[in-house]
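Below is the file target.txt, which contains compact mmCIF, C-alpha atoms.
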```
# COMPACT_ATOMS: atom_id res chain seq x y z
CA MET A 1 17.35 -18.30 -44.92
CA SER A 2 17.33 -15.59 -42.24
CA PRO A 3 16.67 -16.73 -38.67
CA PRO A 4 13.20 -16.08 -37.31
CA ASN A 5 12.59 -13.03 -35.19
CA PRO A 6 12.23 -14.27 -31.56
CA SER A 7 9.49 -11.78 -30.84
CA GLY A 8 7.57 -12.45 -34.06
CA PRO A 9 5.59 -15.56 -33.00
CA ALA A 10 4.70 -13.98 -29.67
CA ASP A 11 3.46 -10.83 -31.39
CA LEU A 12 1.50 -12.89 -33.93
CA ALA A 13 -0.18 -14.90 -31.17
CA ALA A 14 -0.95 -11.74 -29.23
CA ALA A 15 -2.38 -10.11 -32.35
CA ARG A 16 -4.64 -13.09 -32.93
CA GLY A 17 -5.75 -13.06 -29.28
CA ALA A 18 -6.33 -9.31 -29.24
CA ARG A 19 -9.63 -9.75 -31.11
CA HIS A 20 -10.80 -12.10 -28.39
CA GLY A 21 -9.03 -10.59 -25.37
CA TRP A 22 -11.69 -8.18 -24.15
CA PRO A 23 -13.67 -10.79 -22.17
CA GLN A 24 -10.51 -11.87 -20.35
CA ALA A 25 -9.63 -8.24 -19.66
CA LEU A 26 -13.13 -7.54 -18.38
CA ALA A 27 -12.95 -10.60 -16.12
CA ALA A 28 -9.60 -9.45 -14.70
CA VAL A 29 -10.83 -5.91 -13.97
CA LEU A 30 -14.12 -7.06 -12.48
CA SER A 31 -12.35 -9.61 -10.31
CA GLY A 32 -9.98 -6.96 -8.98
CA LEU A 33 -12.83 -4.55 -8.27
CA ALA A 34 -14.93 -7.26 -6.62
CA ALA A 35 -12.08 -8.25 -4.31
CA MET A 36 -11.45 -4.64 -3.33
CA VAL A 37 -15.15 -3.97 -2.74
CA LEU A 38 -15.43 -7.07 -0.56
CA VAL A 39 -12.44 -6.19 1.63
CA ALA A 40 -13.41 -2.50 1.90
CA SER A 41 -17.05 -3.31 2.69
CA LEU A 42 -16.16 -5.78 5.42
CA GLY A 43 -13.62 -3.40 6.93
CA LEU A 44 -15.99 -0.43 6.90
CA TRP A 45 -18.82 -2.58 8.26
CA ALA A 46 -16.58 -3.69 11.14
CA ALA A 47 -15.73 -0.02 11.74
CA GLY A 48 -19.44 0.87 12.00
CA ALA A 49 -19.81 2.69 8.68
CA ALA A 50 -22.92 0.67 7.85
CA ASP A 51 -24.82 2.87 10.32
CA LEU A 52 -24.10 6.09 8.44
CA PRO A 53 -27.23 8.10 7.55
CA ASP A 54 -28.72 8.70 4.11
CA ALA A 55 -27.69 5.25 2.82
CA ALA A 56 -24.14 6.53 2.44
CA PHE A 57 -22.38 3.20 2.88
CA PRO A 58 -21.95 2.39 -0.87
CA ARG A 59 -20.56 5.86 -1.52
CA VAL A 60 -18.12 5.52 1.37
CA VAL A 61 -17.00 2.18 -0.08
CA ALA A 62 -16.48 3.88 -3.45
CA ALA A 63 -14.42 6.62 -1.79
CA THR A 64 -12.32 3.97 -0.04
CA LEU A 65 -11.56 2.30 -3.36
CA VAL A 66 -10.66 5.66 -4.89
CA THR A 67 -8.12 6.38 -2.16
CA ALA A 68 -6.83 2.80 -2.31
CA VAL A 69 -5.60 3.29 -5.89
CA GLY A 70 -4.08 6.69 -5.22
CA GLY A 71 -7.07 8.79 -6.19
CA THR A 72 -8.06 12.06 -4.57
CA VAL A 73 -11.06 12.49 -2.25
CA ARG A 74 -11.57 16.08 -1.18
CA LEU A 75 -13.31 16.92 2.07
CA SER A 76 -15.52 19.97 2.37
CA GLY A 77 -17.53 21.63 5.11
CA ASN A 78 -20.17 24.27 5.68
CA ALA A 79 -21.41 25.74 8.95
CA GLY A 80 -23.49 28.68 7.82
CA SER A 81 -22.54 32.34 7.58
CA LEU A 82 -21.08 32.70 11.10
CA ALA A 83 -18.90 29.61 11.21
CA GLU A 84 -16.80 27.47 8.96
CA THR A 85 -15.46 23.95 8.90
CA HIS A 86 -12.17 22.73 7.55
CA ALA A 87 -11.10 19.15 6.94
CA GLY A 88 -8.50 17.14 5.08
CA LEU A 89 -7.56 13.47 4.80
CA THR A 90 -4.56 11.78 3.22
CA VAL A 91 -4.32 8.08 3.96
CA LEU A 92 -4.28 4.96 1.81
CA PRO A 93 -6.22 1.87 2.98
CA LEU A 94 -3.38 -0.42 1.99
CA SER A 95 -5.20 -3.67 2.78
CA VAL A 96 -7.65 -2.79 0.01
CA THR A 97 -4.78 -1.65 -2.22
CA LEU A 98 -2.84 -4.88 -1.72
CA THR A 99 -5.89 -7.05 -2.38
CA GLY A 100 -6.68 -5.29 -5.64
CA ALA A 101 -3.05 -5.42 -6.77
CA VAL A 102 -2.76 -9.16 -6.19
CA VAL A 103 -6.01 -10.03 -7.97
CA LEU A 104 -5.36 -7.70 -10.90
CA ALA A 105 -1.80 -8.97 -11.29
CA ALA A 106 -3.07 -12.56 -11.34
CA GLY A 107 -5.62 -11.68 -14.01
CA PHE A 108 -2.96 -9.90 -16.06
CA LEU A 109 -0.51 -12.80 -15.90
CA ARG A 110 -2.99 -15.62 -16.50
CA PRO A 111 -3.18 -15.34 -20.34
CA LEU A 112 0.61 -15.04 -20.51
CA ARG A 113 1.34 -18.42 -18.97
CA HIS A 114 3.39 -21.03 -20.85
CA ARG A 115 5.26 -18.39 -22.84
CA ALA A 116 9.01 -17.96 -22.59
CA VAL A 117 9.12 -14.66 -24.49
CA ALA A 118 6.47 -12.03 -25.12
CA GLY A 119 6.73 -9.35 -27.78
CA PRO A 120 6.47 -5.69 -26.80
CA ARG A 121 3.42 -5.19 -29.01
CA GLY A 122 1.61 -8.16 -27.51
CA LEU A 123 2.25 -7.05 -23.92
CA THR A 124 1.32 -3.46 -24.71
CA GLY A 125 -1.94 -4.49 -26.37
CA TRP A 126 -2.96 -6.73 -23.48
CA ALA A 127 -2.11 -4.05 -20.91
CA ALA A 128 -3.97 -1.41 -22.96
CA ARG A 129 -7.21 -3.41 -22.87
CA LEU A 130 -6.95 -3.64 -19.11
CA ALA A 131 -6.19 0.08 -18.89
CA VAL A 132 -9.25 1.05 -20.95
CA LEU A 133 -11.60 -0.97 -18.77
CA TRP A 134 -9.85 0.22 -15.61
CA LEU A 135 -10.29 3.80 -16.81
CA LEU A 136 -14.05 3.28 -17.10
CA ALA A 137 -14.17 1.69 -13.64
CA LEU A 138 -12.21 4.56 -12.09
CA THR A 139 -14.51 7.12 -13.67
CA GLY A 140 -17.58 5.37 -12.27
CA LEU A 141 -16.04 5.11 -8.80
CA ALA A 142 -15.04 8.79 -8.79
CA LEU A 143 -18.51 9.91 -9.84
CA GLY A 144 -20.14 7.76 -7.16
CA ALA A 145 -17.81 8.72 -4.31
CA ARG A 146 -19.55 11.85 -2.98
CA GLN A 147 -21.70 12.47 0.09
CA THR A 148 -22.56 15.18 2.66
CA PHE A 149 -23.23 14.60 6.36
CA ALA A 150 -24.67 16.86 9.04
CA VAL A 151 -22.51 17.28 12.16
CA ASP A 152 -24.33 16.90 15.47
CA LEU A 153 -23.21 19.60 17.92
CA GLY A 154 -24.60 17.71 20.89
CA ASN A 155 -26.81 18.83 23.78
CA GLY A 156 -24.34 20.96 25.72
CA THR A 157 -23.26 24.58 25.46
CA LEU A 158 -22.01 24.11 21.92
CA GLY A 159 -25.35 22.67 20.84
CA ASP A 160 -27.25 25.54 22.46
CA LEU A 161 -24.96 28.05 20.77
CA GLY A 162 -25.50 26.34 17.46
CA ASP A 163 -29.28 26.48 17.88
CA PHE A 164 -29.17 30.15 18.88
CA LEU A 165 -26.99 31.17 15.93
CA GLY A 166 -28.63 28.80 13.48
CA LEU A 167 -25.45 26.84 12.85
CA THR A 168 -25.89 23.65 10.84
CA PRO A 169 -22.38 22.29 10.32
CA GLU A 170 -21.95 19.89 7.43
CA VAL A 171 -18.99 17.92 6.22
CA GLY A 172 -18.81 15.96 3.02
CA PHE A 173 -16.48 14.32 0.57
CA ALA A 174 -16.23 14.14 -3.19
CA ALA A 175 -13.71 12.36 -5.38
CA ALA A 176 -11.83 14.45 -7.93
CA VAL A 177 -12.37 12.67 -11.23
CA VAL A 178 -9.30 13.76 -13.19
CA PRO A 179 -6.67 13.14 -10.45
CA THR A 180 -8.37 9.85 -9.60
CA VAL A 181 -8.17 8.65 -13.19
CA LEU A 182 -4.57 9.75 -13.64
CA PHE A 183 -3.25 8.31 -10.39
CA GLY A 184 -5.40 5.19 -10.79
CA LEU A 185 -3.88 4.50 -14.19
CA LEU A 186 -0.38 5.06 -12.80
CA TRP A 187 -1.22 2.62 -10.00
CA LEU A 188 -2.35 0.02 -12.55
CA ALA A 189 0.83 0.51 -14.59
CA GLY A 190 2.93 -0.02 -11.47
CA VAL A 191 1.04 -3.18 -10.58
CA LEU A 192 1.52 -4.65 -14.06
CA VAL A 193 5.22 -3.78 -14.18
CA VAL A 194 5.87 -5.31 -10.77
CA ALA A 195 3.87 -8.41 -11.76
CA LEU A 196 6.01 -8.91 -14.85
CA LEU A 197 9.16 -8.31 -12.86
CA VAL A 198 8.55 -10.69 -9.95
CA ALA A 199 6.39 -13.50 -11.39
CA ARG A 200 8.43 -16.64 -11.96
CA ASP A 201 6.79 -17.66 -15.25
CA ALA A 202 6.00 -14.19 -16.60
CA PRO A 203 7.32 -13.69 -20.15
CA LEU A 204 9.44 -10.70 -21.01
CA PRO A 205 10.45 -9.15 -24.33
CA ALA A 206 13.71 -10.56 -25.68
CA ARG A 207 15.59 -7.32 -24.97
CA LEU A 208 14.62 -7.47 -21.29
CA LEU A 209 15.41 -11.13 -20.63
CA ARG A 210 18.52 -10.22 -18.66
CA LEU A 211 16.19 -8.82 -15.98
CA ARG A 212 15.39 -12.44 -15.12
CA THR A 213 18.91 -12.91 -13.83
CA SER A 214 19.61 -9.46 -12.38
CA ALA A 215 16.55 -7.65 -11.02
CA ARG A 216 13.99 -10.44 -10.63
CA PRO A 217 15.56 -12.35 -7.67
CA ALA A 218 15.92 -9.19 -5.56
CA ALA A 219 12.47 -7.93 -6.55
CA ARG A 220 10.87 -11.26 -5.61
CA ALA A 221 12.73 -11.15 -2.30
CA MET A 222 11.21 -7.77 -1.47
CA VAL A 223 7.70 -8.99 -2.32
CA VAL A 224 8.22 -12.00 -0.06
CA LEU A 225 9.47 -9.68 2.70
CA LEU A 226 6.41 -7.41 2.48
CA PHE A 227 3.99 -10.34 2.49
CA ALA A 228 5.82 -11.93 5.42
CA TYR A 229 5.18 -8.78 7.47
CA VAL A 230 1.52 -8.80 6.42
CA VAL A 231 1.14 -12.43 7.50
CA LEU A 232 2.83 -11.78 10.84
CA GLY A 233 0.61 -8.75 11.39
CA ALA A 234 -2.53 -10.70 10.51
CA VAL A 235 -1.64 -13.50 12.94
CA THR A 236 -0.89 -10.97 15.68
CA GLY A 237 -4.16 -9.16 15.04
CA LEU A 238 -6.19 -12.37 15.20
CA VAL A 239 -4.52 -13.31 18.49
CA VAL A 240 -5.28 -9.85 19.90
CA ALA A 241 -8.91 -10.08 18.76
CA ALA A 242 -9.29 -13.50 20.39
CA THR A 243 -7.60 -12.67 23.70
CA ARG A 244 -8.14 -8.97 24.40
CA GLY A 245 -11.53 -8.25 22.93
CA HIS A 246 -12.42 -5.29 20.70
CA ALA A 247 -12.79 -7.72 17.81
CA PRO A 248 -14.72 -5.35 15.48
CA ALA A 249 -12.09 -2.62 15.73
CA THR A 250 -9.30 -5.13 15.25
CA PHE A 251 -10.93 -6.65 12.17
CA ALA A 252 -11.56 -3.17 10.76
CA THR A 253 -7.86 -2.42 11.14
CA LEU A 254 -6.85 -5.72 9.52
CA LEU A 255 -9.21 -5.30 6.57
CA LEU A 256 -8.47 -1.63 5.90
CA GLY A 257 -4.99 -0.76 7.09
CA LEU A 258 -2.89 -3.77 8.08
CA PRO A 259 0.06 -2.85 5.80
CA ASN A 260 -0.20 0.73 7.11
CA LEU A 261 0.95 -0.66 10.48
CA VAL A 262 3.28 -3.55 9.68
CA TRP A 263 5.28 -1.97 6.86
CA PRO A 264 6.31 1.05 8.96
CA ALA A 265 7.25 -1.52 11.62
CA LEU A 266 9.77 -2.86 9.09
CA THR A 267 11.34 0.60 8.76
CA LEU A 268 11.36 1.02 12.55
CA GLY A 269 13.15 -2.31 12.84
CA LEU A 270 15.78 -0.99 10.45
CA GLY A 271 16.23 2.04 12.73
CA ALA A 272 14.15 4.64 10.89
CA THR A 273 12.35 7.52 12.61
CA TRP A 274 8.83 8.84 12.09
CA HIS A 275 7.22 12.00 13.46
CA GLY A 276 3.55 12.42 14.25
CA ARG A 277 0.80 13.59 16.53
CA VAL A 278 -2.70 12.54 17.57
CA ASP A 279 -4.85 15.34 18.98
CA GLY A 280 -8.57 15.53 19.71
CA PRO A 281 -11.29 12.89 19.86
CA PHE A 282 -10.72 11.72 16.32
CA GLY A 283 -8.05 9.24 15.41
CA LEU A 284 -7.15 6.35 13.16
CA PRO A 285 -7.08 2.66 14.09
CA MET A 286 -3.64 2.02 15.53
CA PRO A 287 -2.06 -0.02 18.33
CA GLN A 288 -2.43 1.43 21.80
CA LEU A 289 1.34 1.74 22.12
CA LEU A 290 1.58 3.99 19.06
CA ASP A 291 -1.41 6.05 20.22
CA GLU A 292 0.28 6.64 23.59
CA VAL A 293 3.47 7.85 21.94
CA LEU A 294 1.66 10.15 19.48
CA ARG A 295 -1.00 11.60 21.80
CA THR A 296 1.09 14.36 23.36
CA GLY A 297 0.95 18.12 23.39
CA ASP A 298 3.57 18.47 20.70
CA VAL A 299 4.95 16.59 17.69
CA SER A 300 6.24 13.21 18.84
CA THR A 301 9.21 11.19 17.63
CA VAL A 302 8.49 7.55 16.85
CA ASN A 303 11.49 5.23 16.83
CA LEU A 304 12.79 2.23 18.72
CA ARG A 305 13.90 4.31 21.69
CA THR A 306 10.63 6.21 22.23
CA LEU A 307 8.51 3.10 21.71
CA ALA A 308 10.68 1.01 24.04
CA ALA A 309 10.12 3.57 26.78
CA HIS A 310 6.50 2.36 26.84
CA ASP A 311 7.01 -1.32 25.94
CA GLY A 312 10.37 -3.11 25.94
CA ARG A 313 9.13 -5.77 23.52
CA VAL A 314 9.71 -3.24 20.73
CA TRP A 315 13.36 -4.33 20.68
CA TRP A 316 12.21 -7.48 18.91
CA LEU A 317 11.53 -5.39 15.80
CA PRO A 318 15.19 -5.24 14.64
CA VAL A 319 15.54 -8.95 15.40
CA VAL A 320 12.53 -9.79 13.22
CA ALA A 321 13.75 -7.44 10.49
CA GLY A 322 17.23 -9.01 10.50
CA VAL A 323 15.97 -12.59 10.39
CA LEU A 324 13.49 -11.93 7.59
CA LEU A 325 15.97 -9.88 5.56
CA LEU A 326 18.60 -12.58 5.88
CA GLY A 327 16.03 -15.16 4.81
CA VAL A 328 14.96 -13.29 1.68
CA ALA A 329 18.61 -12.50 0.88
CA PHE A 330 19.33 -16.24 0.97
CA LEU A 331 16.30 -16.80 -1.28
CA ALA A 332 17.52 -14.18 -3.77
CA ALA A 333 20.99 -15.74 -3.85
CA VAL A 334 19.54 -19.19 -4.47
CA ARG A 335 17.51 -17.93 -7.42
CA SER A 336 20.37 -15.96 -8.96
CA PRO A 337 22.65 -17.39 -11.68
CA ALA A 338 25.55 -19.56 -10.61
CA GLY A 339 28.79 -17.70 -10.32
CA THR A 340 27.26 -14.38 -9.28
CA ARG A 341 29.62 -12.71 -6.84
CA ALA A 342 28.52 -11.99 -3.30
CA TRP A 343 29.03 -8.24 -3.63
CA ARG A 344 26.61 -8.18 -6.59
CA HIS A 345 23.97 -9.89 -4.45
CA ALA A 346 24.60 -7.30 -1.76
CA VAL A 347 24.27 -4.32 -4.11
CA ARG A 348 21.11 -5.63 -5.78
CA LEU A 349 19.42 -6.38 -2.47
CA ALA A 350 20.43 -2.99 -1.08
CA VAL A 351 18.92 -1.14 -4.04
CA ALA A 352 15.75 -3.24 -3.88
CA LEU A 353 15.37 -2.68 -0.12
CA ALA A 354 15.92 1.08 -0.51
CA LEU A 355 13.20 1.26 -3.18
CA THR A 356 10.90 -0.78 -0.94
CA VAL A 357 11.48 1.53 2.03
CA LEU A 358 10.86 4.53 -0.22
CA MET A 359 7.53 3.00 -1.26
CA ILE A 360 6.62 2.48 2.40
CA CYS A 361 7.52 6.07 3.29
CA LEU A 362 5.37 7.43 0.46
CA THR A 363 2.31 5.22 0.95
CA CYS A 364 2.13 4.86 4.75
CA ARG A 365 2.20 8.53 5.72
CA VAL A 366 -0.98 9.90 7.30
CA ASP A 367 -2.44 13.40 7.42
CA ALA A 368 -5.98 13.98 8.73
CA HIS A 369 -7.57 17.02 10.36
CA TYR A 370 -11.01 18.47 11.07
CA GLY A 371 -12.15 21.59 12.85
CA LEU A 372 -15.09 23.95 13.39
CA SER A 373 -14.43 27.65 14.01
CA LEU A 374 -16.77 30.50 14.98
CA PHE A 375 -16.31 34.01 13.60
CA GLY A 376 -13.04 32.74 12.13
CA ILE A 377 -11.47 32.38 15.59
CA GLY A 378 -10.02 29.01 16.51
CA ASP A 379 -11.70 25.67 17.06
CA LEU A 380 -14.76 25.50 19.28
CA GLY A 381 -13.65 23.92 22.51
CA GLY A 382 -11.57 21.23 20.84
CA ASN A 383 -14.41 18.70 21.07
CA LEU A 384 -15.11 18.94 17.35
CA SER A 385 -11.53 19.29 16.16
CA GLY A 386 -8.81 16.76 15.68
CA THR A 387 -5.45 16.22 14.05
CA VAL A 388 -3.66 13.01 13.13
CA PHE A 389 -0.45 12.87 11.14
CA LEU A 390 2.52 10.56 10.77
CA ASP A 391 5.50 11.33 8.51
CA PRO A 392 8.83 9.55 8.06
CA GLU A 393 12.36 10.88 7.88
CA VAL A 394 12.88 9.64 4.33
CA TRP A 395 16.59 10.11 3.64
CA PRO A 396 17.88 8.53 6.87
CA ALA A 397 15.49 5.62 6.27
CA LEU A 398 16.89 5.10 2.77
CA GLY A 399 20.45 5.20 4.08
CA LEU A 400 19.66 2.59 6.72
CA ALA A 401 17.96 0.43 4.09
CA LEU A 402 21.06 0.52 1.89
CA LEU A 403 23.25 -0.48 4.83
CA TRP A 404 20.98 -3.34 5.93
CA GLY A 405 20.63 -4.51 2.33
CA LEU A 406 24.38 -4.60 1.75
CA VAL A 407 25.07 -6.55 4.95
CA CYS A 408 22.18 -9.02 4.65
CA GLY A 409 22.69 -9.45 0.90
CA PHE A 410 26.35 -10.33 1.37
CA LEU A 411 25.63 -12.71 4.24
CA GLY A 412 22.77 -14.33 2.33
CA ALA A 413 25.04 -14.98 -0.64
CA LEU A 414 27.67 -16.55 1.61
CA LEU A 415 25.03 -18.75 3.27
CA ALA A 416 23.70 -19.90 -0.10
CA ARG A 417 27.20 -20.74 -1.28
CA ALA A 418 28.04 -22.58 1.94
CA ALA A 419 24.78 -24.56 1.74
CA GLY A 420 25.44 -25.50 -1.87
CA LYS A 421 22.10 -24.07 -2.96
CA ALA A 422 23.34 -21.93 -5.83
CA ARG A 423 21.40 -22.45 -9.05
CA PRO A 424 23.20 -24.85 -11.42
CA ALA A 425 24.70 -23.33 -14.54
CA ALA A 426 22.71 -25.63 -16.83
CA ARG A 427 19.42 -24.57 -15.32
CA THR A 428 20.43 -20.92 -15.59
CA ALA A 429 21.21 -21.33 -19.26
CA ALA A 430 17.89 -23.04 -19.83
```
Representation of the structure as C-alpha cells:
Amino acid sequence: MSPPNPSGPADLAAARGARHGWPQALAAVLSGLAAMVLVASLGLWAAGAADLPDAAFPRVVAATLVTAVGGTVRLSGNAGSLAETHAGLTVLPLSVTLTGAVVLAAGFLRPLRHRAVAGPRGLTGWAARLAVLWLLALTGLALGARQTFAVDLGNGTLGDLGDFLGLTPEVGFAAAVVPTVLFGLLWLAGVLVVALLVARDAPLPARLLRLRTSARPAARAMVVLLFAYVVLGAVTGLVVAATRGHAPATFATLLLGLPNLVWPALTLGLGATWHGRVDGPFGLPMPQLLDEVLRTGDVSTVNLRTLAAHDGRVWWLPVVAGVLLLGVAFLAAVRSPAGTRAWRHAVRLAVALALTVLMICLTCRVDAHYGLSLFGIGDLGGNLSGTVFLDPEVWPALGLALLWGLVCGFLGALLARAAGKARPAARTAA
C-alpha cells in the first residue's frame, strides 16, 4: 500500500472548511478594519481633525486607512482663474498599519491552529477568501475617502488681495481606487506571508517545512526587535505626555505615527543617514530635536553627529540598538536547530536585518508640500506654503545593517552556546 500524501488530509480538511469559512473570513477582515478605524479615529481626534468642517471626519479617517495599507490619496487644489494651488502628501500612518497587520494576522492564523502541516490548496483557499472580502473593503474605503476644503486667507493683506481678485482657494483629497486596491492587496499578501513565517504554531506546506529551521528564527527575531522599539517609544511618549504637557499632540503622534519615529531611530542607531527639510508653518508631528535639525534654510543631514550637536543623549541610540540586536540574536540562536554553526546564525540575522532596514527606509520616508501661487509666480508670502520631506540613504543603511547583523548574530550564537540554551536535537526532530 502506498504511503499517504502528507498534504492530502490537510487539503481535505481545508476543502471541507471552505464551504463554511466565509463567516470566519468576514470576522477577521471586520476585526482588522475595526481596529484600524479605532486607532485612526482616536489619533485624528487627538490631532484636532474632529473640528474639520462639512462633517469631513469620517472621510479623513477613510483616507488615513487607505494610506495605511499603501493606497494612494491624491491632493488637489483650486484657487480660481488667477491663482493655483499645488499639494502632495506621501506618508504612511504606521501605527494604524501595524494595528491592522497584527489583528488581520491573528484572524488569519486562528483557524490554522493545531495543524502541523497545511496543504498549498488549503492555505491558498483560506487566503483567497480573506482577499476577496479585503478587496470589497478597500473599494469602499477608496470611494469614501474624498473631500474638499476651503482655505482661509486670513484678515491681512493676503485676505484683502483674495477678496479683491475673487480668489477662493480650495484644497481637497480623493483616493485613487485602482492603485488603492492593488497596493492594498499586496499589503495583505505581505501580512499573511509574514504571519506564516514568524508564527510559532503556523502550519506550512510540506515542501516549505525547512523554513521552520532556517528563516523562521531570524524572522521572529526581527519582529521582536521592531515591537521592542515600538514599546520603548510608547513608554517614552507616555512619560513625555505626563511630564512636559502637550498631551493631545503626543497621543496623536503615538496613535498615528509611532513607528514612523522609532523605526528610523533604529537605523540611526546603526549609523544610517537621512536627509530632510521642514519649511513653512506646516509640519508633521515629530520630536522637537528632529524639528530643530530639519528646520533650516537648506536640506539637512540627519545622523548621530548632527543630532548630538543639539542633544548629547542621542549617543544612547547605538547602545540601545546593540543591546536589542544582541538580545534578539541570542533568541534566534536559541530557537535554531542544535548544531547550527555560528556563522550561519550570523548570515541569517544579517540578511533579516538588511531586509528589515530596507522595509523601514521604504515605509518611513516622508514627502509633503503645499503652496498657493498668484499669476503663476511663486508662493504668496510663504504663509500658505510648506514643505516637509525625509529620505534615507538606502544603500549605506543596508551595508551597515549587514555588518551589525553579522557581528551580533555571531556573538548571539556564541552566547547561546556558552549558556547551554541551544535547542535539543530531539525537540528539533519533533
List the spatial neighbours of A:Gly43 as a short mmCIF file (atom, residue, chain, number, x, y, z; two decimals) with C-alpha atoms, in the frame of the given file - criterion: any atom at most 10 Å away, only C-alpha atoms, same-chain residues fewer than 5 positions off excluded.
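Output contents, as saved in result_36.cif:
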```
data_model
loop_
_atom_site.label_atom_id
_atom_site.label_comp_id
_atom_site.auth_asym_id
_atom_site.auth_seq_id
_atom_site.Cartn_x
_atom_site.Cartn_y
_atom_site.Cartn_z
CA VAL A 37 -15.15 -3.97 -2.74
CA LEU A 38 -15.43 -7.07 -0.56
CA GLY A 48 -19.44 0.87 12.00
CA ALA A 49 -19.81 2.69 8.68
CA VAL A 61 -17.00 2.18 -0.08
CA PRO A 93 -6.22 1.87 2.98
CA SER A 95 -5.20 -3.67 2.78
CA VAL A 96 -7.65 -2.79 0.01
CA PRO A 248 -14.72 -5.35 15.48
CA ALA A 249 -12.09 -2.62 15.73
CA THR A 250 -9.30 -5.13 15.25
CA PHE A 251 -10.93 -6.65 12.17
CA ALA A 252 -11.56 -3.17 10.76
CA THR A 253 -7.86 -2.42 11.14
CA LEU A 254 -6.85 -5.72 9.52
CA LEU A 255 -9.21 -5.30 6.57
CA LEU A 256 -8.47 -1.63 5.90
CA GLY A 257 -4.99 -0.76 7.09
#
```
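The gap separating atom CA of A:Ala352 from atom CA of A:Ala419 is 23.8 Å, in Å to one decimal.
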Using all atoms listed in the file for the distances, tell me which of A:Ala127, A:Leu326, A:Val73, A:Val278 is nearest to A:Leu112. A:Ala127
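Among the candidates A:Arg295, A:Arg220, A:Arg129, A:Arg146, the residue lying nearest to A:Val334 is A:Arg220 (atoms considered: only C-alpha atoms).
Of note, atom CA of A:Leu143 and atom CA of A:Gly190 are spaced 23.7 Å apart.
Candidate residues A:Leu89, A:Leu226, A:Val29, A:Ala137 were compared for distance to A:Tyr370, and the nearest is A:Leu89, using all atoms listed in the file.
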Could you state the separation of atom CA of A:Leu362 and atom CA of A:Gly71 in Å, given to one decimal place? 14.2 Å
For A:Gly412, list every protein, DNA or RNA residue within 9 Å, evaluated using only C-alpha atoms, and leave out those in the same chain fewer than 3 positions away; present the list as an NGL selection string. :A and (325-334 or 342 or 345-346 or 407-409 or 415-417)
Polymer residues at most 12 Å from A:His246, all atoms listed in the file, same-chain spacing of 6 or more positions, as a list in words: Ala46, Ala47, Gly237, Leu238, Val239, Val240, Ala252, Thr253, Pro285 and Pro287 of chain A
List the residues sitting within 6 Å of (-8.9, -5.1, -0.5) in the file's frame, using only C-alpha atoms, as a count of residues only. 9
Can you pull out every residue within 7 Å of A:Gln147, counting all atoms listed in the file, but drop anything in the same chain fewer than 2 positions away, and send it as a PDB file with C-alpha atoms, keeping the file's coordinate frame?
```pdb
ATOM      1  CA  ALA A  56     -24.140   6.530   2.440  1.00  0.00           C
ATOM      2  CA  ARG A  59     -20.560   5.860  -1.520  1.00  0.00           C
ATOM      3  CA  ALA A 145     -17.810   8.720  -4.310  1.00  0.00           C
ATOM      4  CA  PHE A 149     -23.230  14.600   6.360  1.00  0.00           C
ATOM      5  CA  GLY A 172     -18.810  15.960   3.020  1.00  0.00           C
ATOM      6  CA  PHE A 173     -16.480  14.320   0.570  1.00  0.00           C
ATOM      7  CA  ALA A 174     -16.230  14.140  -3.190  1.00  0.00           C
TER       8      ALA A 174
END
```
Please identify all polymer residues within 9 Å of stretch 178-181 of chain A, counting all atoms listed in the file, omitting same-chain residues fewer than 5 positions from it, and present them as a PDB file with C-alpha atoms, in the coordinates of the input.
```
ATOM      1  CA  VAL A  66     -10.660   5.660  -4.890  1.00  0.00           C
ATOM      2  CA  THR A  67      -8.120   6.380  -2.160  1.00  0.00           C
ATOM      3  CA  VAL A  69      -5.600   3.290  -5.890  1.00  0.00           C
ATOM      4  CA  GLY A  70      -4.080   6.690  -5.220  1.00  0.00           C
ATOM      5  CA  GLY A  71      -7.070   8.790  -6.190  1.00  0.00           C
ATOM      6  CA  THR A  72      -8.060  12.060  -4.570  1.00  0.00           C
ATOM      7  CA  VAL A  73     -11.060  12.490  -2.250  1.00  0.00           C
ATOM      8  CA  TRP A 134      -9.850   0.220 -15.610  1.00  0.00           C
ATOM      9  CA  LEU A 135     -10.290   3.800 -16.810  1.00  0.00           C
ATOM     10  CA  LEU A 136     -14.050   3.280 -17.100  1.00  0.00           C
ATOM     11  CA  LEU A 138     -12.210   4.560 -12.090  1.00  0.00           C
ATOM     12  CA  THR A 139     -14.510   7.120 -13.670  1.00  0.00           C
ATOM     13  CA  ALA A 142     -15.040   8.790  -8.790  1.00  0.00           C
ATOM     14  CA  LEU A 186      -0.380   5.060 -12.800  1.00  0.00           C
TER      15      LEU A 186
END
```
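Candidate residues A:Ala218, A:Ala68, A:Leu268, A:Val302 were compared for distance to A:Gly405, and the nearest is A:Ala218, using only C-alpha atoms.
With all atoms listed in the file as the atoms that count, the minimum distance from A:Val132 to the choices A:Asp291, A:Ala234, A:His275, A:Leu185 is reached by A:Leu185.
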Can you list every residue of stretch 188-275 of chain A that has an atom at most 7 Å from stretch 383-401 of chain A, with its nearest atom pair and the distance in Å to one decimal, using all atoms listed in the file, ordered by chain then number, as CSV?
```
residue,atom,partner,partner_atom,distance
A:Thr267,CA,A:Ala397,CA,7.0
A:Leu270,CA,A:Leu400,CA,6.5
A:Gly271,CA,A:Leu400,CA,6.9
A:Ala272,CA,A:Ala397,CA,4.9
A:Thr273,CA,A:Glu393,CA,5.8
A:Trp274,CA,A:Pro392,CA,4.1
A:His275,CA,A:Asp391,CA,5.3
```
Considering all atoms listed in the file, state which residue in the set A:Trp315, A:Trp45, A:Phe57, A:Phe108 is at the smallest distance from A:Leu26. A:Phe108
